[in-house]
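Here is the structure we will look at.
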Amino acid sequence: MNSTVLELKNIRKLYPGVVALDGVSMSFKKGEVHAIVGENGAGKSTFIKSITGAIEPTEGEIIFKGEFIAHNNPAKSLEMGICAVYQEFNLIPYLNVAENIFYGRYKTKGIFVDYESMYKETKEILDDLGVKIDPRTLVKDLTVGYQQIIEIAKSISRRAKVIIMDEPSAPLTNSELIYLFKIVAKLKERGCAIIYISHRLEEIFEICDKVTVFRDGKYIQTLSVAETNKEELITLMVNRDLGEQFPPKQLVKKDKVLEVKGLNTDVIKDIHFEAYEGEILGFAGLVGAGRTEIARAVFGADKINGGEILLNGKRLNIHSPKDAIASGIGLIPEDRKQHGALLHMSIQENTTYAHLSNFANKFGMIDFKKEIKAVNEYKEALKIKTPFISQKVKNLSGGNQQKVVLAKWLITDCKVLIFDEPTRGIDVGAKQEIYQLMIELAKQGKVIIMISSEMPELLGMSDRIIVMHEGRITGELYREDATQEKILSMASGGQEEVK
Amino acid sequence: MKKKIDWSKYGILAALIALIVFFSIVTDSFLTSVNIMNVLRQVAIIGMCSVGMTFVILTGGIDLSVGSVIGVSAVTAATLMGGGTHPVLACLAALVIGFVVGLINGALINELDMFPMIATLGMMTALRGVAYLVSGGKPVYGIPKSFLFLGQGYISYFPVPVIIMIIVFILGFIILNKTVFGRTVYGTGGNQEASRLSGVSVKKVKYQIYAIEGILAAAAGIILVSRVNSGQPAAGQSYEMDIITACVLGGVSINGGEGKITGVIVGVLIMGVLTNGMILLNVNEFWQWVVKGAVLILAVALDKISQKYKAKVKTV
Ligand SMILES: Nc1ncnc2c1ncn2[C@@H]1O[C@H](COP(=O)(O)OP(=O)(O)OP(=O)(O)O)[C@@H](O)[C@H]1O
Ligand SMILES: [Mg+2]
């Protein structure tokens with residue numbers, strides 16, 4: 001079968017000071033899953049936005065089913081059957097599943113909305129995908145994984161010919177991921193062309209047929225997945241040798257720093273744990289197990305119903321994030337757009353935001369020289385890709401936004417740093433740099449708590465792993481005896497680890 | 001790398017210059033030093049308050065109660081002075097009222113989670129009533145002569161209210177651009193939750209900005225008393241609209257998080273020049289309203305259109 005659905009010729013996109021895309025030509029075929037990989041800021045998102053018409057490329061041609069598309073825009077590309085599932089979903093939380101799927105083109109009977117047939121059709125699509133969701137469920141009550149399925153169902157109901165997924169796996173748990181894979185396989189069978197962007201290279205080998213590497217806005221190469229391997233891809237992406245992914249780390253057990261006793265909220269029950277100086281403590285569990293809730297409770301972001309938090313043996317009175325930061329506890333939140341970044345502000349303003357008083361005199365006047373110097377240091381250290389630090393964060397690529405959020409917390413002198421999914425959306429090279437940084441922080445005697453859904457990261461980085469299931473701690477494993485199987489069994493509520 | 005000049009930033013300034021040129025040509029009296037001082041004096045009250053309003057709008061809020069605070073402050077100060085209270089004490093009392101009103105606005109918005117527009121709308125109506133109650137519905141006279149300097153006096157060439165307005169603008173500029181507090185104002189407006197999770201006490205910021213606006217409005221009321229030599233219960237009526245218009249003209253985003261004091265200065269001047277020029281041209285008052293409203297809509301429309309155009313045009 002050799003049927004090209006979509007072809008792009010010489011796409012260029014220029015932003016002030018940045019060449020986001022530098023003459024990319026590619027084509028996509030029916031029934032093929034085509035991955036695009038590249039470092040943060042390589043131009044992947046810009047490329048797909050050019051396809052969907054979300055942005056207008058500076059130069060280039062789009063040819064869909066043999067026809068040249070002039071003046072593309074999102075409505076037009078949807079109409080033609082090009083659908084994108086962005087990482088930030090476009091669902092409306094207070095509408096139900098069927099209403100979302102048919103949003104903007106409700107079925108009608110006379111002047112009334114024909115709910116019956118909408119529910120029926122929604123159910124058919126969902127059944128076909130093998131998911132059991134009631135079409136009447138409000139979207140806000142669904143997990144992230146299910147919301148994504150609804151996004152995909154929306155594309156299907158539009159009879160999409162090309163489905164684009166920009167980092168679809170980033171917010172998903174392992175079991176949800178398997179689901180996604182099944183759905184992708186089904187769409188492929190039906191003859192959709194699928195464009196799949198991900199920083200998790202393992203996935204590409206599982207579900208993709210072809211993979212194209214972008215670097216610095218340029219098209220580098222397209223390979224058949226069967227004929228390449230992870231190492232080759234990484235070399236093409238970063239154009240240098242990466243070495244070992246997880247830098248070695250030695251833990252010398254030192255003093256207890258953080259102690260949490262009997263912490264309770266509406267979600268988490270009776271949480272006890274402690275963390276030691278220089279330790280990297282991992283938290284494993286399925287999404288919804290309560291890991292983020294523990295982090296937020298310790299950080300004072302949510303109300304707690306009971307429990308104590310002790311730092312260096314002293315009981316803390318934390319009522320707000322402000323109190324937590326003042327006591328030396330920092331939280332890098334999982335939701336970058338809502339909780340992490342101030343998108344409308346500059347890299348500079350974001351980086352120092354949680355620690356601004358440190359850059360000001362006693363009258364609250366900011367010392368800009370000192371600020372700019374520190375921000376530039378972190379920009380270099382984290383390799384934040386931008387021409388200038390006065391760039392607004394909303395103009396950065398997803399991964400680079402995440403780096404800015406990390407910088408905001410690294411710049412504080414918090415003794416305890418909680419990272420909630422720190423490397424989500426971050427490319428392989430940058431991941432390694434962040435791991436290196438975490439280890440350096442631990443060496444300085446800080447306590448690093450890392451919540452992660454990525455098994456290799458948890459196993460490779462943590463000195464100790466606490467596993468959770470449905471709001472409770474179900475086990476604890478030291479680096480030496482932690483394995484994926486043990487963690488998964490505990491995370492699904494299996495057996496208690498006997499120490 | 002060639003730096004691209006973002007002309008859309010200067011659009012509003014160009015509009016101001018165009019207005020000035022226009023009125024200078026069609027009237028003889030516009031471009032005289034006396035008239036220019038006149039324009040500045042006329043905008044002094046609105047100018048001061050627009051600084052506080054900028055803070056409020058930047059955090060994503062709005063304060064409709066300013067005009068009524070001006071009224072309450074004016075009649076309170078006038079009544080006290082008329083009764084023999086020392087002007088300094090009378091002014092202090094008025095300022096305290098403005099401060100307290102600000103805190104009440106803050107409390108309604110923070111503690112009861114009310115929409116700023118609703119909370120301050122209620123305050124606006126209630127306080128206008130209070131102004132009439134305090135004054136018994138009539139203007140309050142008996143202002144001491146010594147007090148008139150504040151509203152009518154000059155320091156060298158400059159009317160005192162103009163100097164006060166300039167000081168307020170300078171302070172506002174410094175606070176917004178150079179201090180920790182200013183940065184948290186921008187941050188709170190742009191992303192409240194991210195700000196809270198960065199250790200900013202969002203509630204405190206809101207109390208502070210409504211209090212600042214309350215105090216500025218009260219100060220404006222005091223100056224107004226001195227300027228018209230009486231405390232009018234209707235003082236400041238519908239000023240909130242002019243103040244908000246000036247902010248929006250100046251590019252402050254009503255969604256919060258974006259806007260600059262320098263822009264607001266231009267916005268205030270546009271309002272002043274437009275009013276003054278139309279008076280010089282003997283445009284009748286009803287038409288003045290039409291024009292002012294049209295200018296606001298036109299300015300925002302042009303801004304939107306230029307943004308759309310910018311998004312499409314090839315950027316190099
Ligand atoms: N609106 C914008 N203004 C200025 N620069 C932009 C804008 N949008 C994107 N860029 C720049 O274009 C480049 C490519 O960004 P893009 O989002 O396509 O990267 P990406 O490959 O998707 O990266 P990631 O893996 O981090 O998501 C980046 O350097 C980014 O900073
Ligand atoms: Mg991206």
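The chains in the structure tokens are called A, B, ... from first to last as shown; in each chain the residues are counted from 1, and the ligands are counted from 1 in the order shown.
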Show me which residues are within 8 Å of ligand 1 counting only C-alpha atoms and all ligand atoms, and format the list as a PDB file with N, CA and C atoms, in the first residue's frame.
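Produced file selection-v9.pdb, reproduced below:
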```
ATOM      1  N   LEU A  14       9.637  31.146  11.255  1.00  0.00           N
ATOM      2  CA  LEU A  14      10.576  32.010  11.956  1.00  0.00           C
ATOM      3  C   LEU A  14       9.863  32.754  13.073  1.00  0.00           C
ATOM      4  N   TYR A  15      10.502  32.800  14.221  1.00  0.00           N
ATOM      5  CA  TYR A  15      10.052  33.679  15.303  1.00  0.00           C
ATOM      6  C   TYR A  15      11.182  34.664  15.545  1.00  0.00           C
ATOM      7  N   PRO A  16      10.889  35.785  16.184  1.00  0.00           N
ATOM      8  CA  PRO A  16      11.971  36.742  16.440  1.00  0.00           C
ATOM      9  C   PRO A  16      13.159  36.045  17.115  1.00  0.00           C
ATOM     10  N   GLY A  17      14.270  36.024  16.448  1.00  0.00           N
ATOM     11  CA  GLY A  17      15.471  35.444  17.045  1.00  0.00           C
ATOM     12  C   GLY A  17      15.552  33.938  16.980  1.00  0.00           C
ATOM     13  N   VAL A  18      14.533  33.268  16.476  1.00  0.00           N
ATOM     14  CA  VAL A  18      14.516  31.808  16.470  1.00  0.00           C
ATOM     15  C   VAL A  18      14.069  31.283  15.108  1.00  0.00           C
ATOM     16  N   VAL A  19      14.798  30.312  14.599  1.00  0.00           N
ATOM     17  CA  VAL A  19      14.283  29.586  13.440  1.00  0.00           C
ATOM     18  C   VAL A  19      13.673  28.302  14.002  1.00  0.00           C
ATOM     19  N   ALA A  20      12.370  28.286  14.161  1.00  0.00           N
ATOM     20  CA  ALA A  20      11.728  27.140  14.800  1.00  0.00           C
ATOM     21  C   ALA A  20      11.691  25.947  13.849  1.00  0.00           C
ATOM     22  N   LEU A  21      11.465  26.212  12.577  1.00  0.00           N
ATOM     23  CA  LEU A  21      11.484  25.155  11.568  1.00  0.00           C
ATOM     24  C   LEU A  21      12.276  25.660  10.375  1.00  0.00           C
ATOM     25  N   VAL A  37      10.688  12.590  16.596  1.00  0.00           N
ATOM     26  CA  VAL A  37      11.439  12.766  17.839  1.00  0.00           C
ATOM     27  C   VAL A  37      12.446  13.892  17.671  1.00  0.00           C
ATOM     28  N   GLY A  38      12.889  14.412  18.802  1.00  0.00           N
ATOM     29  CA  GLY A  38      13.863  15.494  18.781  1.00  0.00           C
ATOM     30  C   GLY A  38      13.960  16.127  20.141  1.00  0.00           C
ATOM     31  N   GLU A  39      15.028  16.888  20.351  1.00  0.00           N
ATOM     32  CA  GLU A  39      15.214  17.527  21.651  1.00  0.00           C
ATOM     33  C   GLU A  39      14.149  18.595  21.896  1.00  0.00           C
ATOM     34  N   ASN A  40      14.076  19.066  23.119  1.00  0.00           N
ATOM     35  CA  ASN A  40      13.148  20.146  23.434  1.00  0.00           C
ATOM     36  C   ASN A  40      13.485  21.362  22.586  1.00  0.00           C
ATOM     37  N   GLY A  41      12.482  21.870  21.925  1.00  0.00           N
ATOM     38  CA  GLY A  41      12.701  23.046  21.094  1.00  0.00           C
ATOM     39  C   GLY A  41      13.183  22.702  19.703  1.00  0.00           C
ATOM     40  N   ALA A  42      13.134  21.420  19.341  1.00  0.00           N
ATOM     41  CA  ALA A  42      13.592  21.010  18.016  1.00  0.00           C
ATOM     42  C   ALA A  42      12.604  21.431  16.933  1.00  0.00           C
ATOM     43  N   GLY A  43      11.384  21.732  17.334  1.00  0.00           N
ATOM     44  CA  GLY A  43      10.406  22.220  16.350  1.00  0.00           C
ATOM     45  C   GLY A  43       9.255  21.267  16.098  1.00  0.00           C
ATOM     46  N   LYS A  44       9.134  20.230  16.909  1.00  0.00           N
ATOM     47  CA  LYS A  44       8.091  19.223  16.689  1.00  0.00           C
ATOM     48  C   LYS A  44       6.700  19.828  16.807  1.00  0.00           C
ATOM     49  N   SER A  45       6.452  20.521  17.908  1.00  0.00           N
ATOM     50  CA  SER A  45       5.114  21.095  18.098  1.00  0.00           C
ATOM     51  C   SER A  45       4.819  22.153  17.043  1.00  0.00           C
ATOM     52  N   THR A  46       5.831  22.925  16.716  1.00  0.00           N
ATOM     53  CA  THR A  46       5.650  23.946  15.686  1.00  0.00           C
ATOM     54  C   THR A  46       5.249  23.288  14.372  1.00  0.00           C
ATOM     55  N   PHE A  47       5.864  22.158  14.085  1.00  0.00           N
ATOM     56  CA  PHE A  47       5.577  21.432  12.854  1.00  0.00           C
ATOM     57  C   PHE A  47       4.116  20.991  12.806  1.00  0.00           C
ATOM     58  N   SER A 198       6.789  11.851  20.863  1.00  0.00           N
ATOM     59  CA  SER A 198       7.034  11.411  22.230  1.00  0.00           C
ATOM     60  C   SER A 198       8.507  11.546  22.578  1.00  0.00           C
ATOM     61  N   HIS A 199       8.743  11.756  23.858  1.00  0.00           N
ATOM     62  CA  HIS A 199      10.129  11.742  24.343  1.00  0.00           C
ATOM     63  C   HIS A 199      10.494  10.380  24.905  1.00  0.00           C
ATOM     64  N   PHE A 214      14.111  15.276  14.252  1.00  0.00           N
ATOM     65  CA  PHE A 214      14.295  16.718  14.056  1.00  0.00           C
ATOM     66  C   PHE A 214      15.446  17.167  14.941  1.00  0.00           C
ATOM     67  N   ASP A 216      17.228  21.051  15.948  1.00  0.00           N
ATOM     68  CA  ASP A 216      17.355  22.497  15.738  1.00  0.00           C
ATOM     69  C   ASP A 216      16.491  22.994  14.582  1.00  0.00           C
ATOM     70  N   GLY A 217      15.288  22.522  14.525  1.00  0.00           N
ATOM     71  CA  GLY A 217      14.368  22.993  13.495  1.00  0.00           C
ATOM     72  C   GLY A 217      14.582  22.352  12.135  1.00  0.00           C
ATOM     73  N   LYS A 385      16.585  26.618  26.041  1.00  0.00           N
ATOM     74  CA  LYS A 385      16.829  27.073  24.682  1.00  0.00           C
ATOM     75  C   LYS A 385      16.022  28.324  24.379  1.00  0.00           C
ATOM     76  N   THR A 386      16.694  29.455  24.361  1.00  0.00           N
ATOM     77  CA  THR A 386      16.025  30.719  24.104  1.00  0.00           C
ATOM     78  C   THR A 386      17.054  31.762  23.735  1.00  0.00           C
ATOM     79  N   GLN A 391      12.445  36.586  27.172  1.00  0.00           N
ATOM     80  CA  GLN A 391      11.411  35.874  26.405  1.00  0.00           C
ATOM     81  C   GLN A 391      10.289  35.416  27.339  1.00  0.00           C
ATOM     82  N   LYS A 394       5.536  31.532  27.706  1.00  0.00           N
ATOM     83  CA  LYS A 394       4.554  30.904  26.816  1.00  0.00           C
ATOM     84  C   LYS A 394       5.111  30.692  25.408  1.00  0.00           C
ATOM     85  N   ASN A 395       6.186  31.415  25.061  1.00  0.00           N
ATOM     86  CA  ASN A 395       6.783  31.236  23.744  1.00  0.00           C
ATOM     87  C   ASN A 395       7.850  30.148  23.699  1.00  0.00           C
ATOM     88  N   LEU A 396       8.061  29.472  24.817  1.00  0.00           N
ATOM     89  CA  LEU A 396       9.061  28.399  24.828  1.00  0.00           C
ATOM     90  C   LEU A 396       8.402  27.076  24.460  1.00  0.00           C
ATOM     91  N   SER A 397       9.224  26.121  24.032  1.00  0.00           N
ATOM     92  CA  SER A 397       8.689  24.786  23.777  1.00  0.00           C
ATOM     93  C   SER A 397       8.343  24.150  25.118  1.00  0.00           C
ATOM     94  N   GLY A 398       7.486  23.120  25.087  1.00  0.00           N
ATOM     95  CA  GLY A 398       6.997  22.497  26.309  1.00  0.00           C
ATOM     96  C   GLY A 398       8.111  22.099  27.265  1.00  0.00           C
ATOM     97  N   GLY A 399       9.110  21.428  26.730  1.00  0.00           N
ATOM     98  CA  GLY A 399      10.205  20.960  27.576  1.00  0.00           C
ATOM     99  C   GLY A 399      10.977  22.107  28.199  1.00  0.00           C
ATOM    100  N   ASN A 400      11.153  23.147  27.431  1.00  0.00           N
ATOM    101  CA  ASN A 400      11.888  24.293  27.977  1.00  0.00           C
ATOM    102  C   ASN A 400      11.090  25.030  29.042  1.00  0.00           C
ATOM    103  N   GLN A 401       9.771  25.005  28.920  1.00  0.00           N
ATOM    104  CA  GLN A 401       8.940  25.572  29.995  1.00  0.00           C
ATOM    105  C   GLN A 401       9.175  24.804  31.287  1.00  0.00           C
ATOM    106  N   GLY A 425       7.887  15.353  29.612  1.00  0.00           N
ATOM    107  CA  GLY A 425       8.026  16.226  28.448  1.00  0.00           C
ATOM    108  C   GLY A 425       9.439  16.701  28.183  1.00  0.00           C
ATOM    109  N   ILE A 426      10.404  16.096  28.879  1.00  0.00           N
ATOM    110  CA  ILE A 426      11.782  16.557  28.709  1.00  0.00           C
ATOM    111  C   ILE A 426      12.564  15.542  27.882  1.00  0.00           C
ATOM    112  N   ASP A 427      13.411  16.040  26.987  1.00  0.00           N
ATOM    113  CA  ASP A 427      14.110  15.128  26.082  1.00  0.00           C
ATOM    114  C   ASP A 427      15.215  14.342  26.787  1.00  0.00           C
TER     115      ASP A 427
END
```
Residues of chain B that have any atom at most 6 Å from an atom of chain A: could you tabulate them with the shortest-distance atom pair and the distance in Å to one decimal, using only C-alpha atoms, ordered by chain and increasing number, as a tab-separated table?
```
residue	atom	partner	partner_atom	distance
B:Lys178	CA	A:Ile366	CA	5.6
B:Thr179	CA	A:Met365	CA	4.4
B:Val180	CA	A:Gly364	CA	5.4
B:Asn191	CA	A:Leu342	CA	5.9
B:Glu193	CA	A:His339	CA	5.8
B:Ala194	CA	A:His339	CA	4.2
B:Leu197	CA	A:Pro321	CA	5.6
B:Ser198	CA	A:Ala354	CA	4.7
B:Gly199	CA	A:Lys322	CA	3.8
B:Lys314	CA	A:Thr58	CA	5.6
```
Just the residues within 10 Å of Arg159 of chain A, please, counting only C-alpha atoms, with nothing from its chain fewer than 2 positions along; format it as a PyMOL selection string. chain A and resi 78-83+153-157+161-163+192
Selection export as a PDB file, in the first residue's frame, atoms kept: N, CA and C atoms:
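Generated file (out_3.pdb):
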```pdb
ATOM      1  N   LEU A  78      -9.653  20.601  10.393  1.00  0.00           N
ATOM      2  CA  LEU A  78     -10.581  19.663  11.053  1.00  0.00           C
ATOM      3  C   LEU A  78     -11.594  19.143  10.041  1.00  0.00           C
ATOM      4  N   GLU A  79     -12.109  20.081   9.286  1.00  0.00           N
ATOM      5  CA  GLU A  79     -13.100  19.770   8.262  1.00  0.00           C
ATOM      6  C   GLU A  79     -12.582  18.708   7.295  1.00  0.00           C
ATOM      7  N   MET A  80     -11.304  18.870   6.932  1.00  0.00           N
ATOM      8  CA  MET A  80     -10.708  17.938   5.972  1.00  0.00           C
ATOM      9  C   MET A  80     -10.399  16.588   6.602  1.00  0.00           C
ATOM     10  N   GLY A  81     -10.336  16.559   7.928  1.00  0.00           N
ATOM     11  CA  GLY A  81     -10.050  15.295   8.587  1.00  0.00           C
ATOM     12  C   GLY A  81      -8.652  15.194   9.157  1.00  0.00           C
ATOM     13  N   ILE A  82      -8.094  16.349   9.498  1.00  0.00           N
ATOM     14  CA  ILE A  82      -6.813  16.334  10.211  1.00  0.00           C
ATOM     15  C   ILE A  82      -7.110  16.726  11.657  1.00  0.00           C
ATOM     16  N   CYS A  83      -6.926  15.793  12.567  1.00  0.00           N
ATOM     17  CA  CYS A  83      -7.256  16.079  13.959  1.00  0.00           C
ATOM     18  C   CYS A  83      -6.008  15.977  14.821  1.00  0.00           C
ATOM     19  N   ALA A 153     -11.578   9.868  20.621  1.00  0.00           N
ATOM     20  CA  ALA A 153     -12.919   9.522  20.139  1.00  0.00           C
ATOM     21  C   ALA A 153     -13.506  10.667  19.314  1.00  0.00           C
ATOM     22  N   LYS A 154     -13.182  11.886  19.744  1.00  0.00           N
ATOM     23  CA  LYS A 154     -13.644  13.058  19.019  1.00  0.00           C
ATOM     24  C   LYS A 154     -13.106  13.037  17.587  1.00  0.00           C
ATOM     25  N   SER A 155     -11.823  12.710  17.467  1.00  0.00           N
ATOM     26  CA  SER A 155     -11.239  12.650  16.117  1.00  0.00           C
ATOM     27  C   SER A 155     -11.912  11.564  15.288  1.00  0.00           C
ATOM     28  N   ILE A 156     -12.186  10.437  15.950  1.00  0.00           N
ATOM     29  CA  ILE A 156     -12.798   9.329  15.212  1.00  0.00           C
ATOM     30  C   ILE A 156     -14.182   9.724  14.717  1.00  0.00           C
ATOM     31  N   SER A 157     -14.940  10.386  15.573  1.00  0.00           N
ATOM     32  CA  SER A 157     -16.296  10.749  15.184  1.00  0.00           C
ATOM     33  C   SER A 157     -16.273  11.750  14.031  1.00  0.00           C
ATOM     34  N   LYS A 161      -8.697  11.489   8.932  1.00  0.00           N
ATOM     35  CA  LYS A 161      -7.786  10.740   8.059  1.00  0.00           C
ATOM     36  C   LYS A 161      -6.376  10.776   8.641  1.00  0.00           C
ATOM     37  N   VAL A 162      -6.091  11.898   9.315  1.00  0.00           N
ATOM     38  CA  VAL A 162      -4.780  12.052   9.930  1.00  0.00           C
ATOM     39  C   VAL A 162      -5.006  12.419  11.388  1.00  0.00           C
ATOM     40  N   ILE A 163      -4.418  11.635  12.276  1.00  0.00           N
ATOM     41  CA  ILE A 163      -4.535  11.971  13.694  1.00  0.00           C
ATOM     42  C   ILE A 163      -3.141  12.261  14.239  1.00  0.00           C
ATOM     43  N   CYS A 192      -5.968   5.137   9.165  1.00  0.00           N
ATOM     44  CA  CYS A 192      -5.586   6.496   9.536  1.00  0.00           C
ATOM     45  C   CYS A 192      -4.075   6.644   9.415  1.00  0.00           C
TER      46      CYS A 192
END
```
Write out as number ranges by chain all residues of segment 46-194 of chain B that backbone DSSP assigns to alpha helix (DSSP H). B: 46-58, 66-82, 87-110, 116-135, 149-152, 160-178, 180-190, 192-194
Counting only C-alpha atoms, what is within 7 Å of Val69 of chain B, bar same-chain residues fewer than 4 positions away, as number ranges by chain? B: 65, 73, 98, 127, 214, 217-218
Serialized selection, N, CA and C atoms, as a PDB file, in the first residue's frame:
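Writing done, so here's out-v8.pdb:
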```pdb
ATOM      1  N   SER B  65     -15.810  50.877  42.952  1.00  0.00           N
ATOM      2  CA  SER B  65     -16.209  51.736  44.072  1.00  0.00           C
ATOM      3  C   SER B  65     -15.395  53.021  44.178  1.00  0.00           C
ATOM      4  N   SER B  73     -15.140  60.411  50.801  1.00  0.00           N
ATOM      5  CA  SER B  73     -13.971  61.092  51.333  1.00  0.00           C
ATOM      6  C   SER B  73     -14.176  62.606  51.290  1.00  0.00           C
ATOM      7  N   GLY B  98     -10.917  55.575  53.179  1.00  0.00           N
ATOM      8  CA  GLY B  98     -10.545  54.944  51.906  1.00  0.00           C
ATOM      9  C   GLY B  98      -9.838  53.621  52.133  1.00  0.00           C
ATOM     10  N   LEU B 127     -21.898  53.214  49.056  1.00  0.00           N
ATOM     11  CA  LEU B 127     -21.090  54.352  49.505  1.00  0.00           C
ATOM     12  C   LEU B 127     -21.606  55.678  48.941  1.00  0.00           C
ATOM     13  N   GLY B 214      -8.111  52.324  47.472  1.00  0.00           N
ATOM     14  CA  GLY B 214      -8.992  53.050  48.388  1.00  0.00           C
ATOM     15  C   GLY B 214      -8.349  54.339  48.880  1.00  0.00           C
ATOM     16  N   ALA B 217      -8.097  56.920  46.084  1.00  0.00           N
ATOM     17  CA  ALA B 217      -9.398  57.523  45.802  1.00  0.00           C
ATOM     18  C   ALA B 217      -9.752  58.541  46.883  1.00  0.00           C
ATOM     19  N   ALA B 218      -9.466  58.181  48.132  1.00  0.00           N
ATOM     20  CA  ALA B 218      -9.748  59.114  49.222  1.00  0.00           C
ATOM     21  C   ALA B 218      -8.921  60.375  49.069  1.00  0.00           C
TER      22      ALA B 218
END
```
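With atom CA of Ser390 of chain A on one side and atom CA of Gly256 of chain B on the other, the separation reads 19.3 Å.
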So which bits of segment 44-286 of chain A end up strand (DSSP E) when you DSSP the backbone, as a ChimeraX atom specification? /A:59-64,67-68,82-85,108-109,112-113,162-166,193-197,210-215,218-224,256-264,271-276,280-285
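Across the structure, atom CA of Gly278 of chain A and atom CA of Asp420 of chain A are spaced 18.1 Å apart.
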Given the choices A:Ile434, A:Leu6, A:Ile448, A:Ala170, which gets closest to ligand 2 if the distance is worked out from only C-alpha atoms and all ligand atoms? A:Ala170
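Here the question is which of B:Leu148, B:Val162, B:Met278, B:Leu16 gets nearest to Asn38 of chain B using only C-alpha atoms, and that residue is B:Val162.
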Need to verify the contact set: segment 246-254 of chain B, 6 Å, only C-alpha atoms, exclusion of same-chain residues closer than 3 positions in sequence. Can you return it as a PyMOL selection string? chain B and resi 243+258-259+263-264+267-268
Quick one: residues within 12 Å of Gly290 of chain A, only C-alpha atoms, excluding same-chain residues fewer than 2 positions away - as a short mmCIF file (atom, residue, chain, number, x, y, z; two decimals) with C-alpha atoms, in the first residue's frame?
```
data_model
loop_
_atom_site.label_atom_id
_atom_site.label_comp_id
_atom_site.auth_asym_id
_atom_site.auth_seq_id
_atom_site.Cartn_x
_atom_site.Cartn_y
_atom_site.Cartn_z
CA LEU A 263 -0.78 12.60 57.67
CA ASN A 264 -4.42 12.52 56.59
CA THR A 265 -6.39 14.36 53.98
CA ASP A 266 -9.53 13.43 52.11
CA VAL A 267 -7.45 11.33 49.75
CA ILE A 268 -4.50 10.05 51.73
CA LYS A 269 -4.76 7.99 54.88
CA ASP A 270 -2.35 7.68 57.74
CA ILE A 271 0.89 8.48 55.96
CA PHE A 283 7.38 7.67 45.32
CA ALA A 284 5.79 5.06 43.09
CA GLY A 285 2.15 4.30 42.45
CA LEU A 286 -0.55 4.53 39.88
CA VAL A 287 -2.09 7.86 39.03
CA GLY A 288 -4.61 8.61 41.75
CA THR A 292 0.69 14.23 44.48
CA GLU A 293 -1.67 14.68 47.42
CA ILE A 294 1.09 13.81 49.89
CA ALA A 295 3.37 16.32 48.24
CA ARG A 296 0.70 19.01 48.30
CA ALA A 297 -0.19 18.28 51.91
CA ASP A 420 6.37 15.75 41.03
CA ILE A 451 7.31 11.31 42.44
CA ILE A 466 7.90 4.21 48.77
CA VAL A 467 4.99 2.61 46.95
CA MET A 468 1.40 3.76 47.31
CA HIS A 469 -1.98 2.36 46.53
CA GLU A 470 -5.32 4.10 46.96
CA GLY A 471 -4.14 6.71 49.40
CA ARG A 472 -2.03 4.42 51.56
CA ILE A 473 1.61 3.44 51.65
CA THR A 474 1.76 -0.22 50.70
CA ALA A 491 1.20 -0.37 43.56
#
```
As a PyMOL selection string, please: the residues near segment 436-446 of chain A (cut-off 8 Å, only C-alpha atoms, same-chain neighbours under 3 positions excluded). chain A and resi 246-247+249+277-280+414-417+432-433
